[in-house]
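Student: What follows is a structure written as structure tokens; I'll ask about it next.
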Amino acid sequence: MSELEKVYIIQPVFGANYKRLHDEAIALIESAGGVYVGSCFQNIKEINAATFIGSGKLSEIAEAIAGIDELTVLFNGDLSPSQTLNISAALNNRKVIDRTTIILDIFARNAVTGEGKIQVEIAQLKYIYPRLKGKGTALSRLGGGIGSRGPGETQLETDRRHIAYRLKYLENKLKETRSRRQLQSGRRLKDNTKTVALVGYTNTGKSTLLNLLTGADVVSQNALFVTLDPTARKCVIDGEEYVLIDTVGFIQALPHDIVEAFKSTLEVALNCDLALFVADACDDFYLQFDTTLSTLSELGFDKKYLKVLNKCDCVNDLNALPSDCILISAKNGTGISALKEQIKKSFEERFKRFKVTVPFNRLNEYEKLKRYATELSREFQENGLNAEIKTEIIYADKFAQFVNK
């Protein structure tokens with residue numbers, strides 16, 4: 001865009017979190033390359049099936065924005081296809097987008113790798129698909145700007161069958177990528193690689209922390225969803241090598257289709273040995289931790305994690321922060337030594353290494369148990385198989401019968 005796209009927010013008011021959602025919407029607009037020009041807040045007692053907020057309020061909004069040319073209206077929630085069209089009509093055919101649309105637009109701007117682009121397109125097509133039936137030309141008239149990146153207008157004008165074929169093709173491509181990632185995870189496990197995933201809210205400094213710990217030069221800036229593709233870098237702590245993996249950030253009310261589309265990317269967090277939940281000490285970090293855990297739990301996350309509060313250099317009273325968090329500043333290095341010590345301690349506490357001897361007549365029994373451990377070495381001798389294995393302490397008892405005394 002040669003000129004910043006002006007965006008006006010319609011903020012429905014549900015419960016106590018609406019202010020936070022509104023602040024996030026402003027950040028989303030800026031990250032999408034637009035400029036915020038104003039808002040309207042509307043208490044919602046009952047959702048209007050046709051226009052969500054009711055025709056009377058829409059008339060007020062239409063009057064309030066009448067003098068602003070080339071304006072996009074962001075409804076900070078999820079709209080049905082018919083609601084989007086009806087709101088647009090009530091606002092004199094203004095371009096109307098919802099929260100999912102703008103998040104997908106930012107994803108389209110920031111996707112760099114082939115996998116990231118595939119995941120963005122899958123999410124966009126799943127969002128577009130139910131909106132095509134009988135509405136293709138109406139949707140395509142919305143034009144360019146925020147919400148039109150990615151598949152673009154040509155996809156909006158394509159029939160549902162073509163969209164379905166395209167989705168199937170992209171999902172198969174994503175499965176291939178997922179298989180390669182699982183092979184990489186398997187190699188890391190076999191090579192006794194310690195993996196640490198950086199997860200958490202978007203724009204909390206995960207990429208800055210990765211750069212500090214590994215000496216990498218991953219892009220980090222004050223914007224939402226800058227990192228979409230997982231980035232792995234080596235880190236050495238007291239002579240021990242670890243692999244740190246930066247992941248896509250979360251946000252409150254992240255649409256389900258987006259979580260699903262990025263499931264393969266988030267699998268690096270699901271398969272890690274340890275996760276660092278990174279939150280902003282200057283923000284509502286309790287909400288950030290809850291959002292992170294609930295999003296990952298939706299995908300089956302069950303790994304050990306450490307809570308890390310970043311940007312503590314901007315907090316006046318550190319004693320007011322929760323004691324179960326590691327306090328750091330990725331910007332100036334404060335608390336990094338303590339963080340490294342906790343990472344090291346977590347691995348020492350979680351895993352156990354020992355040598356086993358398995359008689360030949362019990363090899364089948366041992367092979368079934370091997371899914372609970374990583375075999376670091378093996379050698380067949382007269383007395384059977386001699387191996388060194390690493391397993392989580394919770395599984396150690398399964399191998400007690402074979403452990404060398």
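Following the order of the structure tokens, chains are lettered A, B, ..., residues in each are numbered from 1, and ligands are numbered from 1.
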Hey, what's within 10 Å of region 368-383 of chain A if we count only C-alpha atoms and toss same-chain stuff fewer than 5 positions away? As a PyMOL selection string, please?

Tutor: chain A and resi 186+189-192+351-360+363+388-392+394-396+398-399

Student: Return the single residue from A:Tyr36, A:Phe250, A:Phe14, A:Tyr366 that is closest to Gln288 (chain A), with distances computed using only C-alpha atoms.

Tutor: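 Looking at the shortest contact to Gln288 (chain A), the residue is A:Phe250.
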
Student: From the list A:Gly54, A:Gly77, A:Gly200, A:Gly33, which residue is nearest Ile9 (chain A) when using only C-alpha atoms?

Tutor: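 Smallest distance to Ile9 (chain A) is found for A:Gly77.
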
Student: For a test of reading the model, state the distance in Å between CA of Ala281 (chain A) and CA of Val37 (chain A), rounded to one decimal.

Tutor: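 Value for the CA of Ala281 (chain A)-CA of Val37 (chain A) distance: 28.4 Å.
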
Student: Select, from A:Lys95, A:Tyr242, A:Ile163, A:Asp302, the residue with the minimum atom-to-atom distance to Lys340 (chain A), counting only C-alpha atoms.

Tutor: A:Tyr242

Student: Do a neighbour search on Thr72 (chain A) at 8 Å with only C-alpha atoms, toss out local chain neighbours closer than 6 positions, and write the hits as a list in words.

Tutor: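 In the requested form, the answer reads Glu5, Lys6, Val7, Tyr8, Arg94, Lys95, Val96 and Ile97 of chain A.
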
Student: Quick one: pick out all strand (DSSP E) residues within region 20-61 of chain A from a backbone DSSP run and write them as a ChimeraX atom specification.

Tutor: /A:34-43

Student: Just asking: which residues within region 333-371 of chain A are alpha helix (DSSP H) according to DSSP, as JSON, numbers by chain?

Tutor: {"A": [336, 337, 338, 339, 340, 341, 342, 343, 344, 345, 346, 347, 348, 349, 350, 363, 364, 365, 366, 367, 368, 369]}

Student: Rounded to one decimal, what separation in Å do you get between CA of Lys345 (chain A) and CA of Val243 (chain A)?

Tutor: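 Between CA of Lys345 (chain A) and CA of Val243 (chain A) the gap works out to 15.7 Å.
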
Student: With a distance cut-off of 9 Å and only C-alpha atoms, select the neighbouring residues of Lys234 (chain A), excluding the residue or stretch itself and same-chain residues fewer than 4 positions from it, and output the selection as a ChimeraX atom specification.

Tutor: /A:213-216,241-245

Student: Keeping only N, CA and C atoms, write those residues as a PDB file, in the first residue's frame.

Tutor:
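Writing the result to selection.pdb gives the following:
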ATOM      1  N   LEU A 213      20.363 -16.212  23.483  1.00  0.00           N
ATOM      2  CA  LEU A 213      20.870 -17.484  23.972  1.00  0.00           C
ATOM      3  C   LEU A 213      21.735 -18.218  22.955  1.00  0.00           C
ATOM      4  N   THR A 214      21.486 -17.978  21.667  1.00  0.00           N
ATOM      5  CA  THR A 214      22.173 -18.764  20.628  1.00  0.00           C
ATOM      6  C   THR A 214      23.109 -17.950  19.738  1.00  0.00           C
ATOM      7  N   GLY A 215      23.027 -16.606  19.825  1.00  0.00           N
ATOM      8  CA  GLY A 215      23.835 -15.777  18.932  1.00  0.00           C
ATOM      9  C   GLY A 215      23.283 -15.739  17.528  1.00  0.00           C
ATOM     10  N   ALA A 216      22.000 -16.113  17.365  1.00  0.00           N
ATOM     11  CA  ALA A 216      21.366 -16.112  16.043  1.00  0.00           C
ATOM     12  C   ALA A 216      20.955 -14.693  15.666  1.00  0.00           C
ATOM     13  N   GLU A 241      25.083 -29.254  24.843  1.00  0.00           N
ATOM     14  CA  GLU A 241      24.375 -28.668  23.713  1.00  0.00           C
ATOM     15  C   GLU A 241      22.862 -28.848  23.847  1.00  0.00           C
ATOM     16  N   TYR A 242      22.148 -27.786  23.528  1.00  0.00           N
ATOM     17  CA  TYR A 242      20.692 -27.808  23.493  1.00  0.00           C
ATOM     18  C   TYR A 242      20.248 -27.225  22.153  1.00  0.00           C
ATOM     19  N   VAL A 243      19.079 -27.623  21.694  1.00  0.00           N
ATOM     20  CA  VAL A 243      18.489 -27.007  20.506  1.00  0.00           C
ATOM     21  C   VAL A 243      17.286 -26.191  20.953  1.00  0.00           C
ATOM     22  N   LEU A 244      17.343 -24.872  20.716  1.00  0.00           N
ATOM     23  CA  LEU A 244      16.231 -23.980  21.044  1.00  0.00           C
ATOM     24  C   LEU A 244      15.402 -23.754  19.798  1.00  0.00           C
ATOM     25  N   ILE A 245      14.085 -23.828  19.935  1.00  0.00           N
ATOM     26  CA  ILE A 245      13.185 -23.705  18.788  1.00  0.00           C
ATOM     27  C   ILE A 245      12.176 -22.599  19.060  1.00  0.00           C
TER      28      ILE A 245
END

Student: List as a tab-separated table every residue of region 339-397 of chain A that is in contact with region 308-327 of chain A, defined as an atom at most 12 Å from one of its atoms (using only C-alpha atoms), together with the nearest atom pair and the distance in Å rounded to one decimal, sorted by chain and then rising number.

Tutor:
residue	atom	partner	partner_atom	distance
A:Leu339	CA	A:Ile326	CA	6.5
A:Lys340	CA	A:Ile326	CA	10.2
A:Glu341	CA	A:Ile326	CA	10.6
A:Gln342	CA	A:Ile326	CA	8.6
A:Ile343	CA	A:Ile326	CA	10.7

Student: Can I get the selected residues back with C-alpha atoms, as an mmCIF file, in the first residue's frame?

Tutor:
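Result file follows (result.cif):
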data_model
loop_
_atom_site.group_PDB
_atom_site.id
_atom_site.type_symbol
_atom_site.label_atom_id
_atom_site.label_comp_id
_atom_site.auth_asym_id
_atom_site.auth_seq_id
_atom_site.Cartn_x
_atom_site.Cartn_y
_atom_site.Cartn_z
ATOM 1 C CA LEU A 339 17.304 -19.194 33.198
ATOM 2 C CA LYS A 340 20.173 -21.326 31.887
ATOM 3 C CA GLU A 341 20.580 -22.923 35.304
ATOM 4 C CA GLN A 342 16.885 -23.826 35.428
ATOM 5 C CA ILE A 343 17.026 -25.304 31.914
#

Student: Taking into account only C-alpha atoms, which residue in the set A:Leu210, A:Ile328, A:Leu293, A:Val248 is nearest to Leu266 (chain A)?

Tutor: A:Val248
